[in-house]
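Peer 1: Pasting a structure below so you can have a look.
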Amino acid sequence: MSTITDENPTRTTPGAARTLFTRRTSSLLGIQIAGCGSYVPDLVVTNEQLDQEYGCDPNWIVQRTGIRERRHCPPGMATSDMCVEASRKAIRSSGVDPQQIDLLVCGTFTPDYHCPSTACLVQDKLGLDCPAFDTAAACAGFMYALVTASQFVATGNARYALAVGGDLNSRIVNPKDQRTYPLFGDGAGAVLVTRGTPHQGLVCYQLGSDGSGGPLLDRPAGGTHTPITPEAIVAGEQYLRMDGRSVFKWAVRMLADTIELVLEKSGMSVHDISQFVLHQANVRIINAAADQLGIPHEKLFVNLDRYGNTSGGSIPIALDEAFQEGKIHRGDAILMCGFGGGLTWGTGVFRW
């Protein structure tokens, strides 16, 4: 079952970005998450290590972000490798025969290659017989992948769909950028989506984008607009750039607005939500939105102190850990929200 509520958009101006914030939402019921899994590399990189290697201030990192350590992939490991490990765990937890999986959607903005897609690499390594493709929506990548995979299942065009989110950020951020490099880590998560009861699934969700804010978080060189050249490499244009102050302002407002909207359209309040699994970008962003909406902090699942911002891997890693810790049960309403480069966002109330 899929429904769409279409209303006239409104416009806000958070910081330097012009943000088109539509009040359009949808619902997608009759689906369930049959299994989940996550993976982070073994290599732990602490704030103190970053201080020794790159002169990053450990106290500044904790005070401004809440991050104390993150995981980095060793040489030879790629985004697809993390996604494969997370997917294997999700498949095992579901008890489903991998040969029954008939779709794979991977949310990443750090692909192994421009071509082939990371999803195709994951499909091959898992030995699956299914179509596979990527969704590139940065830190909202998993939410885009989850909604897309769920659509296929809800319409009967897939029986078991694997939705994966993963990013290897340590390779795309400049270590010399002391205010951006410490924020990111590497990791991946996955869920297996299949048919559920009429009351399970996305009670209400919203996907959104605002390309006018693209320059706030981008990688200038490496695409068809600006190919990588020796001059671009010297200038560091192959690395991720972020206007931290503007992104912070946009994220706080967007997070609060989209959560409030989805709750309103769901006919729910913060008290009806069992866990808020939000993109783990910055604890100050999460706490600011929670305080504005009156969300009890015990309902916020937070693990960014250990992993940092894992972009597309953020939500599925947190979701898997919350489930493994017994914080998610059948029938619970879980609110997930991813937001980031693009600018993009994806928010949904999922009935487990």
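Residue numbers start at 1 in each chain; chains themselves are named A, B, ... in the order of the structure tokens; ligands are numbered from 1 in the order shown.
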Show me, as a PyMOL selection string, the residues that have an atom within 7 Å of Ala34 (chain A) when counting only C-alpha atoms, minus same-chain residues fewer than 3 positions from it.
Peer 2: chain A and resi 94+192-194
Peer 1: Can you write out as JSON lines which residues of region 17-46 of chain A fall within 10 Å of region 260-280 of chain A, alongside each residue's closest atom pair and its distance in Å to one decimal, counting only C-alpha atoms and ordering rows by chain and ascending residue number?
Peer 2:
{"residue": "A:Thr22", "atom": "CA", "partner": "A:Leu261", "partner_atom": "CA", "distance": 9.9}
{"residue": "A:Arg23", "atom": "CA", "partner": "A:Leu261", "partner_atom": "CA", "distance": 7.2}
{"residue": "A:Arg24", "atom": "CA", "partner": "A:Leu261", "partner_atom": "CA", "distance": 9.3}
{"residue": "A:Thr25", "atom": "CA", "partner": "A:Val262", "partner_atom": "CA", "distance": 7.3}
{"residue": "A:Ser26", "atom": "CA", "partner": "A:Lys265", "partner_atom": "CA", "distance": 9.1}
{"residue": "A:Ser27", "atom": "CA", "partner": "A:Ser266", "partner_atom": "CA", "distance": 9.0}
Peer 1: Can I get the selected residues back with N, CA, C and O atoms, as a PDB file, in the first residue's frame?
Peer 2:
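New file part_36.pdb:
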ATOM      1  N   THR A  22       9.173  21.067   1.085  1.00  0.00           N
ATOM      2  CA  THR A  22       7.827  20.673   0.743  1.00  0.00           C
ATOM      3  C   THR A  22       7.161  19.983   1.929  1.00  0.00           C
ATOM      4  O   THR A  22       7.840  19.405   2.776  1.00  0.00           O
ATOM      5  N   ARG A  23       5.862  20.060   1.978  1.00  0.00           N
ATOM      6  CA  ARG A  23       5.107  19.327   2.995  1.00  0.00           C
ATOM      7  C   ARG A  23       4.514  18.050   2.399  1.00  0.00           C
ATOM      8  O   ARG A  23       3.604  17.460   2.947  1.00  0.00           O
ATOM      9  N   ARG A  24       5.087  17.626   1.275  1.00  0.00           N
ATOM     10  CA  ARG A  24       4.638  16.400   0.631  1.00  0.00           C
ATOM     11  C   ARG A  24       5.195  15.186   1.370  1.00  0.00           C
ATOM     12  O   ARG A  24       6.396  15.097   1.598  1.00  0.00           O
ATOM     13  N   THR A  25       4.333  14.269   1.738  1.00  0.00           N
ATOM     14  CA  THR A  25       4.752  13.036   2.402  1.00  0.00           C
ATOM     15  C   THR A  25       4.067  11.851   1.737  1.00  0.00           C
ATOM     16  O   THR A  25       3.109  12.012   0.981  1.00  0.00           O
ATOM     17  N   SER A  26       4.536  10.659   2.043  1.00  0.00           N
ATOM     18  CA  SER A  26       3.968   9.432   1.500  1.00  0.00           C
ATOM     19  C   SER A  26       3.925   8.378   2.596  1.00  0.00           C
ATOM     20  O   SER A  26       4.527   8.538   3.665  1.00  0.00           O
ATOM     21  N   SER A  27       3.221   7.286   2.319  1.00  0.00           N
ATOM     22  CA  SER A  27       3.219   6.136   3.219  1.00  0.00           C
ATOM     23  C   SER A  27       3.442   4.877   2.400  1.00  0.00           C
ATOM     24  O   SER A  27       3.120   4.833   1.210  1.00  0.00           O
TER      25      SER A  27
END
Peer 1: What lies within 8 Å of Gln178 (chain A) using only C-alpha atoms, ignoring chain neighbours under 4 positions off, as a PDB file with all heavy atoms, in the first residue's frame?
Peer 2:
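Below you can see selection.pdb, which holds the result:
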ATOM      1  N   TYR A  54      48.035  14.851  12.986  1.00  0.00           N
ATOM      2  CA  TYR A  54      47.626  15.988  12.155  1.00  0.00           C
ATOM      3  C   TYR A  54      47.413  17.285  12.937  1.00  0.00           C
ATOM      4  O   TYR A  54      47.035  18.302  12.352  1.00  0.00           O
ATOM      5  CB  TYR A  54      46.336  15.651  11.398  1.00  0.00           C
ATOM      6  CG  TYR A  54      46.440  14.400  10.578  1.00  0.00           C
ATOM      7  CD1 TYR A  54      45.709  13.258  10.926  1.00  0.00           C
ATOM      8  CD2 TYR A  54      47.278  14.335   9.468  1.00  0.00           C
ATOM      9  CE1 TYR A  54      45.811  12.089  10.173  1.00  0.00           C
ATOM     10  CE2 TYR A  54      47.382  13.176   8.717  1.00  0.00           C
ATOM     11  CZ  TYR A  54      46.644  12.053   9.072  1.00  0.00           C
ATOM     12  OH  TYR A  54      46.746  10.899   8.331  1.00  0.00           O
ATOM     13  N   GLY A  55      47.636  17.261  14.243  1.00  0.00           N
ATOM     14  CA  GLY A  55      47.485  18.464  15.043  1.00  0.00           C
ATOM     15  C   GLY A  55      46.047  18.841  15.329  1.00  0.00           C
ATOM     16  O   GLY A  55      45.753  20.015  15.614  1.00  0.00           O
ATOM     17  N   CYS A  56      45.112  17.868  15.265  1.00  0.00           N
ATOM     18  CA  CYS A  56      43.700  18.141  15.581  1.00  0.00           C
ATOM     19  C   CYS A  56      43.516  18.239  17.091  1.00  0.00           C
ATOM     20  O   CYS A  56      44.066  17.431  17.840  1.00  0.00           O
ATOM     21  CB  CYS A  56      42.813  17.033  15.018  1.00  0.00           C
ATOM     22  SG  CYS A  56      42.975  16.792  13.228  1.00  0.00           S
ATOM     23  N   PRO A 182      38.321  15.068  11.222  1.00  0.00           N
ATOM     24  CA  PRO A 182      37.986  14.311  12.433  1.00  0.00           C
ATOM     25  C   PRO A 182      36.518  13.901  12.529  1.00  0.00           C
ATOM     26  O   PRO A 182      36.171  13.056  13.349  1.00  0.00           O
ATOM     27  CB  PRO A 182      38.336  15.283  13.571  1.00  0.00           C
ATOM     28  CG  PRO A 182      39.255  16.287  12.966  1.00  0.00           C
ATOM     29  CD  PRO A 182      38.799  16.424  11.553  1.00  0.00           C
TER      30      PRO A 182
END
Peer 1: Considering only C-alpha atoms, return as a PyMOL selection string whatever protein or nucleic-acid residues lie within 10 Å of Gly189 (chain A), sequence-local ones (same chain, fewer than 6 positions apart) excluded.
Peer 2: chain A and resi 36-40+82-87+89-90+106-107+142+163-167+310+312-321
Peer 1: Smallest atom-to-atom distance to Leu343 (chain A): which of A:Leu104, A:Ile91, A:Cys120, A:Cys139, using only C-alpha atoms?
Peer 2: A:Cys139
Peer 1: Determine the nearest neighbour of Val302 (chain A) from the options A:Gln324, A:Gly66, A:Gly346, A:Gly196, counting only C-alpha atoms.
Peer 2: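 For Val302 (chain A), the nearest of the given residues is A:Gly66.
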Peer 1: Please identify the alpha helix (DSSP H) residues within region 102-328 of chain A (assignment by DSSP from backbone atoms) and present them as a PyMOL selection string.
Peer 2: chain A and resi 118-126+141-154+230-234+244-266+283-293+304-307+314-324
Peer 1: Per residue of region 58-157 of chain A within 10 Å of region 283-298 of chain A, record the nearest atom pair and its distance in Å to one decimal, counting only C-alpha atoms, with rows in chain order and ascending residue number, as a tab-separated table.
Peer 2:
residue	atom	partner	partner_atom	distance
A:Val62	CA	A:Val283	CA	9.4
A:Gln63	CA	A:Arg284	CA	8.9
A:Arg64	CA	A:Arg284	CA	7.2
A:Thr65	CA	A:Val283	CA	5.6
A:Gly66	CA	A:Val283	CA	5.4
A:Ile67	CA	A:Val283	CA	8.0
Peer 1: Using Å and a single decimal, report how far CA of Pro111 (chain A) sits from CA of Phe133 (chain A).
Peer 2: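 Taking CA of Phe133 (chain A) as the start and CA of Pro111 (chain A) as the end point, the length is 11.3 Å.
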Peer 1: For region 53-116 of chain A versus region 212-225 of chain A, which residues have an atom no more than 12 Å away, and what is each residue's nearest atom pair and distance in Å rounded to one decimal, using only C-alpha atoms, chain-then-number order, as a tab-separated table?
Peer 2:
residue	atom	partner	partner_atom	distance
A:Phe109	CA	A:Arg219	CA	10.5
A:Thr110	CA	A:Arg219	CA	10.9
A:Tyr113	CA	A:Gly222	CA	11.2
A:His114	CA	A:Gly223	CA	9.0
Peer 1: Just give me the gap between CA of Ala137 (chain A) and CA of Thr197 (chain A) in Å, one decimal is fine.
Peer 2: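 Rounded to one decimal, the two atoms are 29.2 Å apart.
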Peer 1: Between A:Ala138, A:Leu255, A:Leu29, A:Ala145, single out the one closest to Asn169 (chain A), counting only C-alpha atoms.
Peer 2: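 The shortest atom-to-atom distance to Asn169 (chain A) comes from A:Ala138.
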Peer 1: For CA of Ile334 (chain A) and CA of Phe350 (chain A), determine how far apart the two atoms are, in Å to one decimal place.
Peer 2: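 Here the two named atoms are 5.1 Å from each other.
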Peer 1: Which of these, A:Gly236, A:Gly35, A:Gly340, A:Gly208, has the shortest distance to Val191 (chain A) once you count only C-alpha atoms?
Peer 2: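 Under the stated criterion, the closest residue is A:Gly35.
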Peer 1: Counting only C-alpha atoms, which residue out of A:Met336, A:Leu162, A:Val153, A:Leu207 sits closest to Gln123 (chain A)?
Peer 2: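 Of A:Met336, A:Leu162, A:Val153, A:Leu207, the one nearest Gln123 (chain A), counting only C-alpha atoms, is A:Leu162.
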Peer 1: Could you pull out all residues of region 52-148 of chain A with a DSSP call of strand (DSSP E) and give them as a PyMOL selection string?
Peer 2: chain A and resi 69-72+103-107+132-135
Peer 1: For Cys204 (chain A), which residue out of A:Val45, A:Asn174, A:Thr344, A:Val147 is the nearest one, using only C-alpha atoms?
Peer 2: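 So, comparing all the options, the nearest one is A:Val147.
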